[in-house]
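**Student:** You'll find final_19.cif just under this line, and it carries mmCIF, C-alpha atoms.
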data_data
loop_
_atom_site.label_atom_id
_atom_site.label_comp_id
_atom_site.auth_asym_id
_atom_site.auth_seq_id
_atom_site.Cartn_x
_atom_site.Cartn_y
_atom_site.Cartn_z
CA MET A 1 122.41 88.07 117.80
CA ARG A 2 120.95 86.91 114.48
CA ALA A 3 117.50 86.83 116.05
CA TYR A 4 117.80 90.49 117.06
CA LEU A 5 119.12 91.47 113.63
CA SER A 6 116.08 89.79 112.08
CA VAL A 7 113.81 91.98 114.20
CA TRP A 8 115.82 95.15 113.55
CA ARG A 9 115.55 94.58 109.80
CA LEU A 10 111.76 94.67 109.91
CA PRO A 11 110.57 97.85 108.14
CA SER A 12 109.21 99.63 111.24
CA ALA A 13 111.35 98.00 113.93
CA PRO A 14 113.70 100.97 114.51
CA VAL A 15 110.73 103.29 114.87
CA LEU A 16 108.82 100.98 117.19
CA LEU A 17 111.87 100.41 119.39
CA LEU A 18 113.25 103.96 119.52
CA ALA A 19 110.00 105.92 119.34
CA GLY A 20 108.38 103.39 121.66
CA PHE A 21 111.17 103.98 124.18
CA ALA A 22 110.84 107.76 123.94
CA GLY A 23 107.05 107.63 124.11
CA ARG A 24 107.10 105.42 127.20
CA LEU A 25 109.60 107.50 129.18
CA PRO A 26 106.89 109.92 130.41
CA SER A 27 105.18 107.04 132.23
CA ALA A 28 108.30 106.75 134.40
CA MET A 29 109.04 110.49 134.51
CA VAL A 30 105.79 112.36 135.09
CA PRO A 31 104.61 110.71 138.35
CA LEU A 32 107.98 111.35 140.03
CA ALA A 33 108.39 114.85 138.59
CA LEU A 34 104.83 115.73 139.62
CA LEU A 35 105.48 114.42 143.12
CA LEU A 36 108.61 116.55 143.47
CA MET A 37 107.03 119.66 141.97
CA VAL A 38 103.90 119.55 144.13
CA GLN A 39 105.89 118.81 147.27
CA GLN A 40 108.23 121.72 146.65
CA GLN A 41 105.32 124.06 145.99
CA THR A 42 103.01 122.97 148.82
CA GLY A 43 105.40 121.46 151.34
CA SER A 44 103.04 118.50 151.66
CA TYR A 45 103.97 114.96 150.71
CA ALA A 46 100.34 113.97 151.21
CA VAL A 47 99.10 116.34 148.51
CA ALA A 48 102.07 115.47 146.28
CA GLY A 49 101.41 111.75 146.61
CA LEU A 50 97.71 112.24 145.93
CA ALA A 51 98.43 114.24 142.77
CA SER A 52 100.88 111.63 141.49
CA ALA A 53 98.46 108.80 142.27
CA THR A 54 95.60 110.67 140.57
CA TYR A 55 97.69 111.03 137.44
CA GLY A 56 98.56 107.32 137.39
CA LEU A 57 95.03 106.12 138.08
CA ALA A 58 93.53 108.39 135.41
CA MET A 59 96.07 107.11 132.89
CA ALA A 60 95.28 103.50 133.79
CA ALA A 61 91.51 103.98 133.71
CA MET A 62 91.47 105.77 130.35
CA ALA A 63 93.83 103.42 128.51
CA PRO A 64 91.32 100.58 127.82
CA VAL A 65 88.73 103.08 126.59
CA LEU A 66 91.21 104.60 124.15
CA GLY A 67 92.49 101.13 123.23
CA ARG A 68 88.98 100.07 122.25
CA LEU A 69 88.61 103.21 120.12
CA ALA A 70 92.03 102.60 118.54
CA ASP A 71 91.07 99.08 117.51
CA ARG A 72 87.91 100.33 115.81
CA ARG A 73 89.48 103.23 113.90
CA THR A 74 93.21 102.31 113.98
CA PRO A 75 95.46 103.91 116.64
CA ARG A 76 96.65 106.67 114.30
CA PRO A 77 93.93 109.29 114.97
CA VAL A 78 94.07 108.55 118.70
CA LEU A 79 97.85 109.03 118.80
CA LEU A 80 97.72 112.19 116.68
CA ALA A 81 95.06 113.74 118.92
CA GLN A 82 96.99 112.83 122.05
CA ALA A 83 100.26 114.13 120.61
CA ALA A 84 98.59 117.52 120.21
CA ALA A 85 96.72 117.55 123.53
CA TYR A 86 99.20 116.01 125.95
CA PRO A 87 101.80 118.83 126.02
CA LEU A 88 99.00 121.34 126.58
CA LEU A 89 97.58 119.29 129.43
CA LEU A 90 101.02 119.05 131.04
CA ALA A 91 101.48 122.80 130.64
CA LEU A 92 98.10 123.34 132.33
CA LEU A 93 99.20 121.07 135.15
CA VAL A 94 102.46 122.99 135.64
CA LEU A 95 100.58 126.30 135.68
CA ALA A 96 98.11 124.96 138.23
CA VAL A 97 100.85 123.77 140.57
CA LEU A 98 103.26 126.68 140.23
CA GLY A 99 100.38 129.15 140.26
CA GLY A 100 99.31 127.97 143.68
CA ALA A 101 95.93 126.61 142.59
CA PRO A 102 93.83 124.89 145.27
CA THR A 103 94.29 121.17 145.75
CA PRO A 104 91.08 120.14 143.89
CA ALA A 105 92.26 122.09 140.83
CA VAL A 106 95.69 120.45 140.96
CA LEU A 107 94.07 117.02 141.20
CA ALA A 108 91.74 117.81 138.30
CA ALA A 109 94.70 118.91 136.17
CA SER A 110 96.60 115.77 137.18
CA ALA A 111 93.66 113.59 136.15
CA ALA A 112 93.32 115.37 132.82
CA ALA A 113 97.03 114.95 132.03
CA GLY A 114 96.95 111.30 133.05
CA ALA A 115 93.90 110.59 130.90
CA GLY A 116 95.59 112.29 127.94
CA THR A 117 98.81 110.25 128.10
CA PRO A 118 99.56 108.94 124.58
CA LEU A 119 98.65 105.31 123.99
CA VAL A 120 102.19 104.35 123.05
CA SER A 121 102.75 101.15 125.01
CA GLY A 122 99.53 99.39 124.00
CA THR A 123 99.94 100.42 120.37
CA VAL A 124 103.55 99.25 120.14
CA ARG A 125 102.72 95.86 121.64
CA ALA A 126 99.74 95.48 119.34
CA LEU A 127 101.97 96.22 116.35
CA TRP A 128 104.56 93.69 117.53
CA SER A 129 101.80 91.08 117.78
CA ARG A 130 101.26 91.47 114.01
CA VAL A 131 104.84 90.70 112.92
CA ASP A 132 106.08 87.38 111.55
CA PRO A 133 105.49 84.69 114.23
CA ARG A 134 109.06 83.47 113.72
CA VAL A 135 110.48 86.68 115.20
CA ARG A 136 107.57 87.72 117.41
CA THR A 137 109.01 86.35 120.66
CA THR A 138 112.30 88.14 120.03
CA ALA A 139 110.41 91.34 119.25
CA PHE A 140 108.48 91.09 122.51
CA ALA A 141 111.75 90.39 124.35
CA LEU A 142 113.25 93.59 122.95
CA ASP A 143 110.07 95.43 123.89
CA ALA A 144 110.20 94.10 127.48
CA THR A 145 113.87 95.01 127.73
CA ALA A 146 113.19 98.54 126.47
CA THR A 147 110.42 98.88 129.05
CA GLU A 148 112.83 97.93 131.82
CA LEU A 149 115.30 100.53 130.59
CA VAL A 150 112.51 103.12 130.66
CA PHE A 151 112.22 102.69 134.42
CA VAL A 152 115.97 103.07 134.81
CA ALA A 153 116.37 106.10 132.55
CA GLY A 154 113.14 107.93 133.42
CA PRO A 155 113.76 108.55 137.15
CA THR A 156 117.42 109.31 136.40
CA VAL A 157 116.44 112.06 133.95
CA VAL A 158 113.93 113.49 136.44
CA ALA A 159 116.45 113.49 139.28
CA THR A 160 119.06 115.19 137.09
CA LEU A 161 116.70 117.90 135.87
CA ALA A 162 115.32 118.46 139.37
CA VAL A 163 118.84 119.13 140.66
CA LEU A 164 120.11 121.18 137.72
CA ALA A 165 116.89 123.10 137.03
CA ALA A 166 113.45 122.27 138.46
CA PRO A 167 110.93 119.40 138.32
CA ALA A 168 108.80 121.43 135.92
CA TRP A 169 111.54 121.04 133.32
CA ALA A 170 111.21 117.27 133.61
CA LEU A 171 107.53 117.61 132.75
CA SER A 172 108.44 119.71 129.71
CA VAL A 173 110.91 117.08 128.53
CA ALA A 174 108.33 114.36 129.13
CA GLY A 175 105.78 116.20 127.01
CA THR A 176 108.29 116.57 124.17
CA LEU A 177 109.26 112.89 124.31
CA ALA A 178 105.63 111.74 124.40
CA THR A 179 104.70 113.88 121.41
CA THR A 180 107.74 112.77 119.42
CA GLY A 181 107.13 109.11 120.15
CA ALA A 182 103.42 109.24 119.41
CA LEU A 183 103.91 111.10 116.12
CA ALA A 184 106.66 108.74 114.96
CA ILE A 185 104.54 105.66 115.67
CA ALA A 186 101.40 107.18 114.15
CA THR A 187 103.22 107.87 110.88
CA SER A 188 105.27 104.65 110.78
CA THR A 189 105.13 102.08 107.99
CA ALA A 190 103.57 99.53 110.32
CA MET A 191 100.75 101.93 111.19
CA ARG A 192 100.05 102.67 107.55
CA GLY A 193 99.51 98.95 107.03
CA TRP A 194 97.09 98.62 109.95
CA VAL A 195 93.66 97.49 108.78
CA PRO A 196 90.99 97.43 111.52
CA VAL A 197 89.39 94.03 112.02
CA PRO A 198 85.65 94.45 112.55
CA ALA A 199 84.24 92.71 115.61
CA ALA A 200 82.04 89.72 114.81
CA GLU A 201 79.27 91.18 116.94
CA ARG A 202 78.55 94.03 119.30
CA THR A 203 80.38 93.24 122.55
CA SER A 204 80.27 94.52 126.12
CA ALA A 205 82.94 96.76 127.60
CA PHE A 206 84.56 93.76 129.30
CA ALA A 207 84.35 91.27 126.44
CA THR A 208 88.09 91.45 125.76
CA VAL A 209 88.96 90.89 129.43
CA LEU A 210 86.66 87.83 129.54
CA THR A 211 88.08 86.20 126.40
CA PRO A 212 88.92 82.55 127.24
CA GLY A 213 92.40 82.38 128.74
CA MET A 214 92.70 86.13 129.24
CA PRO A 215 91.47 86.32 132.88
CA ARG A 216 94.22 83.98 134.05
CA VAL A 217 96.90 86.03 132.31
CA LEU A 218 95.55 89.32 133.66
CA VAL A 219 95.00 88.08 137.22
CA SER A 220 98.37 86.31 137.40
CA GLY A 221 100.05 89.39 135.96
CA SER A 222 98.30 91.56 138.57
CA ALA A 223 99.47 89.29 141.40
CA LEU A 224 103.02 89.52 140.09
CA MET A 225 102.87 93.31 139.84
CA LEU A 226 101.43 93.55 143.35
CA GLY A 227 104.58 91.82 144.53
CA PHE A 228 106.76 94.13 142.48
CA GLY A 229 105.00 97.16 143.97
CA ALA A 230 105.80 95.90 147.47
CA LEU A 231 109.42 95.31 146.47
CA GLU A 232 109.80 98.81 145.02
CA VAL A 233 108.90 100.20 148.44
CA ALA A 234 110.95 97.67 150.37
CA ILE A 235 114.21 98.37 148.52
CA PRO A 236 114.56 102.05 149.56
CA ALA A 237 113.41 101.15 153.09
CA PHE A 238 116.08 98.41 153.28
CA ALA A 239 118.79 100.84 152.15
CA ASP A 240 117.59 103.43 154.66
CA GLU A 241 117.62 100.93 157.54
CA ALA A 242 121.13 99.86 156.54
CA GLY A 243 122.30 103.46 156.81
CA SER A 244 122.86 103.82 153.05
CA PRO A 245 119.77 105.64 151.73
CA GLY A 246 121.71 106.82 148.70
CA MET A 247 122.01 103.23 147.48
CA SER A 248 118.27 102.83 146.82
CA GLY A 249 118.61 104.10 143.25
CA LEU A 250 121.53 101.76 142.58
CA LEU A 251 119.62 98.79 143.99
CA LEU A 252 116.58 99.51 141.83
CA ALA A 253 118.86 99.92 138.81
CA LEU A 254 120.55 96.57 139.49
CA TRP A 255 117.15 94.91 139.65
CA SER A 256 116.19 96.39 136.28
CA LEU A 257 119.56 95.61 134.71
CA GLY A 258 119.21 91.97 135.75
CA SER A 259 115.87 91.93 133.95
CA VAL A 260 117.46 93.50 130.87
CA ALA A 261 120.18 90.83 130.81
CA GLY A 262 117.62 88.05 131.18
CA GLY A 263 115.41 89.53 128.49
CA LEU A 264 118.23 89.78 125.96
CA TRP A 265 119.29 86.19 126.66
CA PHE A 266 115.74 84.83 126.43
CA GLY A 267 114.89 86.71 123.25
CA ALA A 268 117.64 84.92 121.35
CA ARG A 269 116.42 81.46 122.41
CA VAL A 270 114.05 79.15 120.55
CA VAL A 271 111.75 77.48 123.09
CA SER A 272 109.59 74.53 122.06
CA ALA A 273 107.26 74.53 125.10
CA SER A 274 103.79 76.07 124.80
CA LEU A 275 103.37 79.68 125.89
CA PRO A 276 101.23 78.82 128.96
CA ARG A 277 103.86 76.34 130.14
CA GLN A 278 106.67 78.83 129.57
CA TYR A 279 104.70 81.47 131.46
CA ARG A 280 104.08 79.17 134.44
CA TRP A 281 107.72 78.10 134.72
CA LEU A 282 109.02 81.63 134.35
CA LEU A 283 106.66 82.86 137.07
CA LEU A 284 108.05 80.10 139.26
CA GLY A 285 111.54 81.34 138.38
CA VAL A 286 110.60 84.85 139.48
CA THR A 287 109.26 83.47 142.76
CA ILE A 288 112.46 81.51 143.41
CA GLY A 289 114.53 84.57 142.54
CA LEU A 290 112.63 86.76 145.02
CA ALA A 291 112.67 84.23 147.89
CA PRO A 292 116.27 84.89 149.14
CA LEU A 293 115.78 88.68 149.35
CA ALA A 294 114.36 88.56 152.89
CA ALA A 295 117.61 86.97 154.08
CA ALA A 296 119.89 89.69 152.65
CA SER A 297 122.31 91.03 155.25
CA SER A 298 123.55 94.19 153.52
CA PRO A 299 122.67 96.45 150.57
CA TRP A 300 125.48 94.88 148.52
CA VAL A 301 124.14 91.38 149.10
CA LEU A 302 120.63 92.62 148.29
CA GLY A 303 121.95 94.20 145.09
CA ALA A 304 123.53 90.95 143.93
CA LEU A 305 120.34 89.01 144.72
CA LEU A 306 118.20 91.61 142.95
CA PHE A 307 120.31 91.36 139.81
CA LEU A 308 120.12 87.55 139.79
CA GLY A 309 116.43 87.47 140.66
CA GLY A 310 115.66 90.12 138.08
CA THR A 311 116.91 87.94 135.21
CA ALA A 312 113.56 86.10 135.08
CA ILE A 313 111.41 89.24 134.90
CA ALA A 314 111.79 90.37 131.28
CA PRO A 315 111.44 86.78 129.96
CA THR A 316 108.22 86.46 131.97
CA LEU A 317 106.87 89.73 130.59
CA THR A 318 107.92 88.66 127.09
CA VAL A 319 105.86 85.47 127.26
CA GLN A 320 103.03 87.35 128.95
CA SER A 321 102.85 89.74 125.98
CA SER A 322 102.97 86.82 123.55
CA LEU A 323 100.07 85.20 125.39
CA VAL A 324 97.97 88.36 125.33
CA GLY A 325 98.66 88.82 121.62
CA ALA A 326 97.65 85.23 120.94
CA LEU A 327 94.53 85.18 123.12
CA ALA A 328 93.10 88.59 122.29
CA PRO A 329 90.47 88.82 119.55
CA ALA A 330 91.99 90.15 116.34
CA SER A 331 89.61 93.11 116.58
CA ALA A 332 90.79 94.10 120.07
CA THR A 333 94.57 93.65 120.33
CA THR A 334 95.32 97.22 121.42
CA GLU A 335 92.56 97.14 124.01
CA ALA A 336 93.86 93.83 125.37
CA PHE A 337 97.35 95.23 125.90
CA THR A 338 95.96 98.37 127.55
CA TRP A 339 94.00 96.19 129.99
CA LEU A 340 97.26 94.43 130.84
CA SER A 341 98.92 97.78 131.57
CA THR A 342 95.92 99.07 133.51
CA MET A 343 95.69 96.08 135.82
CA ALA A 344 99.46 96.07 136.31
CA THR A 345 99.42 99.76 137.29
CA GLY A 346 96.61 99.29 139.79
CA ALA A 347 98.13 96.14 141.30
CA SER A 348 101.55 97.76 141.62
CA ALA A 349 100.03 100.75 143.43
CA LEU A 350 98.17 98.41 145.78
CA GLY A 351 101.35 96.43 146.42
CA ALA A 352 103.24 99.62 147.23
CA ALA A 353 100.52 100.68 149.68
CA LEU A 354 100.44 97.27 151.39
CA GLY A 355 104.23 97.08 151.44
CA GLY A 356 104.45 100.50 153.04
CA ALA A 357 101.94 99.49 155.71
CA LEU A 358 103.96 96.35 156.46
CA ILE A 359 107.20 98.33 156.70
CA ASP A 360 105.61 100.68 159.24
CA GLY A 361 104.22 97.69 161.18
CA PRO A 362 105.82 95.00 163.32
CA SER A 363 107.06 92.94 160.34
CA GLY A 364 109.11 95.82 158.95
CA VAL A 365 111.00 95.57 155.67
CA THR A 366 111.01 91.78 155.88
CA GLY A 367 107.21 91.76 155.70
CA SER A 368 107.23 93.78 152.49
CA LEU A 369 109.88 91.51 150.95
CA LEU A 370 107.82 88.45 151.84
CA LEU A 371 104.76 90.09 150.28
CA ALA A 372 106.75 90.36 147.05
CA VAL A 373 107.42 86.62 147.16
CA ALA A 374 103.78 85.90 148.00
CA GLY A 375 102.60 87.95 145.01
CA ALA A 376 104.80 85.99 142.60
CA ALA A 377 103.77 82.68 144.19
CA ALA A 378 100.10 83.65 143.87
CA ALA A 379 100.70 84.35 140.18
CA VAL A 380 101.97 80.79 139.74
CA LEU A 381 98.92 79.39 141.52
CA VAL A 382 96.56 81.39 139.31
CA THR A 383 98.03 79.76 136.21
CA LEU A 384 97.18 76.36 137.71
CA VAL A 385 93.50 77.17 138.19
CA PRO A 386 91.33 75.51 135.51
CA GLY A 387 89.46 77.95 133.30
CA ARG A 388 87.17 78.10 130.31
CA PRO A 389 88.48 76.09 127.36
CA VAL A 390 90.36 78.08 124.76
CA PRO A 391 88.83 77.91 121.24
CA VAL A 392 90.74 75.73 118.77
CA ARG A 393 91.89 78.71 116.72
CA LEU A 394 93.39 80.36 119.78
CA ALA A 395 94.83 77.12 121.12
CA GLU A 396 96.77 76.72 117.90
CA ARG A 397 98.20 80.19 118.24
CA VAL A 398 99.11 79.69 121.90
CA ALA A 399 100.74 76.27 121.54
CA VAL A 400 104.23 76.64 120.09
#
Kindly present the structure from the file in structure tokens form.
**Tutor:**
Amino acid sequence: MRAYLSVWRLPSAPVLLLAGFAGRLPSAMVPLALLLMVQQQTGSYAVAGLASATYGLAMAAMAPVLGRLADRRTPRPVLLAQAAAYPLLLALLVLAVLGGAPTPAVLAASAAAGAGTPLVSGTVRALWSRVDPRVRTTAFALDATATELVFVAGPTVVATLAVLAAPAWALSVAGTLATTGALAIATSTAMRGWVPVPAAERTSAFATVLTPGMPRVLVSGSALMLGFGALEVAIPAFADEAGSPGMSGLLLALWSLGSVAGGLWFGARVVSASLPRQYRWLLLGVTIGLAPLAAASSPWVLGALLFLGGTAIAPTLTVQSSLVGALAPASATTEAFTWLSTMATGASALGAALGGALIDGPSGVTGSLLLAVAGAAAAVLVTLVPGRPVPVRLAERVAV
């Protein structure tokens, strides 16, 4: 508990934790709310899914571009501009859908809203990477835990508003939360102390991704998220096959709550092993935790296994963030974290698509569950592949 109090006492910690949570909620709310709203309006799940996917892909593609700009000029002007534009873009999207606009117009509005999503997650992680190294791991653990809670609270809020009012109201709430979070972070004490670090030389668009050590973190993280995407599809399908479709939300919540518990436990620990070694062993822990899922005999057994297996997730993401913060050039920390989010989003979407195909095929739900295990195992193998040597300065920051 002392470790968490040390983080909370940092000048901007309450803002980064609370505003970061609020600003991230739209990432878990808008895709689902958009899916429900478009489906209700058009009667087509195909169009609804395409609109939701367009939003997510546009958000993922634009994040590294904005992250690069944020590192050059500080994230403040980027966040302020997005805080003003994002609610308007969401309003335009709602008008397009409810106004019966043709599908291309709805997709264009979805892409615009996705591209305008405030750069909250990358900025918050970049700010955490600048705190005292003695509390940095705990800070990242809290950040990972808050992110897990986002994906528990976000869909719950959307489902509640969709039942009590309409999905469009969920988009309105998401716009308000995003603006509030972005403004609070942009005006925080930590942001006022941000001094841009000029790049040593003009670099290519992929220089940050190709920084020594970074490819292995990004590729292993993508493999892990591919597995998670498959699991997110397999869980509702498992509940449906078991005759308890209503339990899918509970099962997903148990998975996230297990991650929250593991993250809180890990954040209070002092680990002497190097970050790469911690990352490798935690990925192995995730793989071992996912392995028994294919043998689950009932939703209740699956729920217990998901909770136990989930305990390794937040610690893994905590160390992953620490690695990215240590490996990224000082002039490109925000961009580095946005690349992590972008690749995770794309890999998760691919995993969901592959998992869905397996569920509809001969292997069924078991095939999708095994794909989740394979993704985590592949992540472990990636960390074992030799890569370019890490410069001495970075090696010192990575080795704990």
**Student:** For Val150 (chain A), which residue among A:Ala166, A:Ala237, A:Leu171, A:Leu18 is the nearest when counting all atoms listed in the file?
**Tutor:**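 Closest to Val150 (chain A), using all atoms listed in the file: A:Leu18.
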**Student:** Applying 9 Å and only C-alpha atoms, which residues near Gly263 (chain A) remain after dropping the ones on its own chain fewer than 3 positions away? List them as a ChimeraX atom specification.
**Tutor:** /A:141-142,144-145,258-260,266-268,311-318
**Student:** Since I can't run it myself right now, could you work out what the PyMOL selection byres ((chain A and resi 94) around 10) selects here and report it as a VMD selection string?
**Tutor:** chain A and resid 34 37 to 38 88 to 93 95 to 100 106 109 to 110 167 to 169 171 to 172
**Student:** Which residues are close to Val209 (chain A), i.e. within 9 Å by all atoms listed in the file, leaving aside same-chain residues fewer than 2 positions away? Reply as a PDB file with C-alpha atoms, in the frame of the given file.
**Tutor:**
ATOM      1  CA  ALA A 205      82.940  96.760 127.600  1.00  0.00           C
ATOM      2  CA  PHE A 206      84.560  93.760 129.300  1.00  0.00           C
ATOM      3  CA  ALA A 207      84.350  91.270 126.440  1.00  0.00           C
ATOM      4  CA  THR A 211      88.080  86.200 126.400  1.00  0.00           C
ATOM      5  CA  PRO A 212      88.920  82.550 127.240  1.00  0.00           C
ATOM      6  CA  MET A 214      92.700  86.130 129.240  1.00  0.00           C
ATOM      7  CA  PRO A 215      91.470  86.320 132.880  1.00  0.00           C
ATOM      8  CA  LEU A 218      95.550  89.320 133.660  1.00  0.00           C
ATOM      9  CA  ALA A 328      93.100  88.590 122.290  1.00  0.00           C
ATOM     10  CA  ALA A 336      93.860  93.830 125.370  1.00  0.00           C
ATOM     11  CA  TRP A 339      94.000  96.190 129.990  1.00  0.00           C
TER      12      TRP A 339
END
**Student:** Identify which of the residues A:Thr42, A:Ser129, A:Thr160, A:Gln278 lies closest to Thr103 (chain A), counting only C-alpha atoms when measuring atom-to-atom distances.
**Tutor:**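 Answer, going by the shortest atom-to-atom distance: A:Thr42.
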**Student:** Which residue is closest to Arg130 (chain A)? Choose from A:Gly193, A:Pro77, A:Gly262, A:Gly351 and count all atoms listed in the file.
**Tutor:**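 Ranked by minimum distance to Arg130 (chain A), first place goes to A:Gly193.
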**Student:** As an exercise, work out the distance from CA of Gly325 (chain A) to CA of Ile185 (chain A) in Å and give it to one decimal place.
**Tutor:**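 These two atoms are separated by 18.8 Å.
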**Student:** Counting all atoms listed in the file, which residue out of A:Ser222, A:Thr180, A:Gln41, A:Thr138 sits closest to Ala349 (chain A)?
**Tutor:**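 Result for the nearest residue to Ala349 (chain A): A:Ser222.
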**Student:** To one decimal in Å, tell me the separation between CA of Ala46 (chain A) and CA of Ala105 (chain A).
**Tutor:**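 We find that CA of Ala46 (chain A) and CA of Ala105 (chain A) lie 15.5 Å from each other.
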**Student:** Residues picked by the PyMOL selection byres ((chain A and resi 364) around 12) here, as a list in words?
**Tutor:**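 That expression, the PyMOL selection byres ((chain A and resi 364) around 12), corresponds here to Ala230, Val233, Ala234, Ile235, Ala237, Phe238, Glu241, Ala294, Leu354, Gly355, Gly356, Ala357, Leu358, Ile359, Asp360, Gly361, Pro362, Ser363, Val365, Thr366, Gly367, Ser368, Leu369, Leu370 and Leu371 of chain A.
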**Student:** Applying 12 Å and only C-alpha atoms, which residues near Thr74 (chain A) remain after dropping the ones on its own chain fewer than 6 positions away? List them as JSON, numbers by chain.
**Tutor:** {"A": [66, 67, 68, 80, 119, 123, 126, 127, 185, 186, 187, 190, 191, 192, 193, 194, 195, 196, 197, 198, 331, 332, 333, 334, 335]}
**Student:** Between CA of Val173 (chain A) and CA of Leu32 (chain A), what is the spacing in Å?
**Tutor:** 13.2 Å
**Student:** Could you tell me which residues the PyMOL selection byres ((chain A and resi 248) around 10) grabs in this file, written as JSON, numbers by chain?
**Tutor:** {"A": [232, 233, 234, 235, 236, 237, 238, 239, 240, 244, 245, 246, 247, 249, 250, 251, 252, 253, 254, 299, 303]}
**Student:** Between A:Ser52, A:Ser220, A:Ser274, A:Ser27, which residue has the minimum interatomic distance to Leu340 (chain A), considering all atoms listed in the file?
**Tutor:** A:Ser220
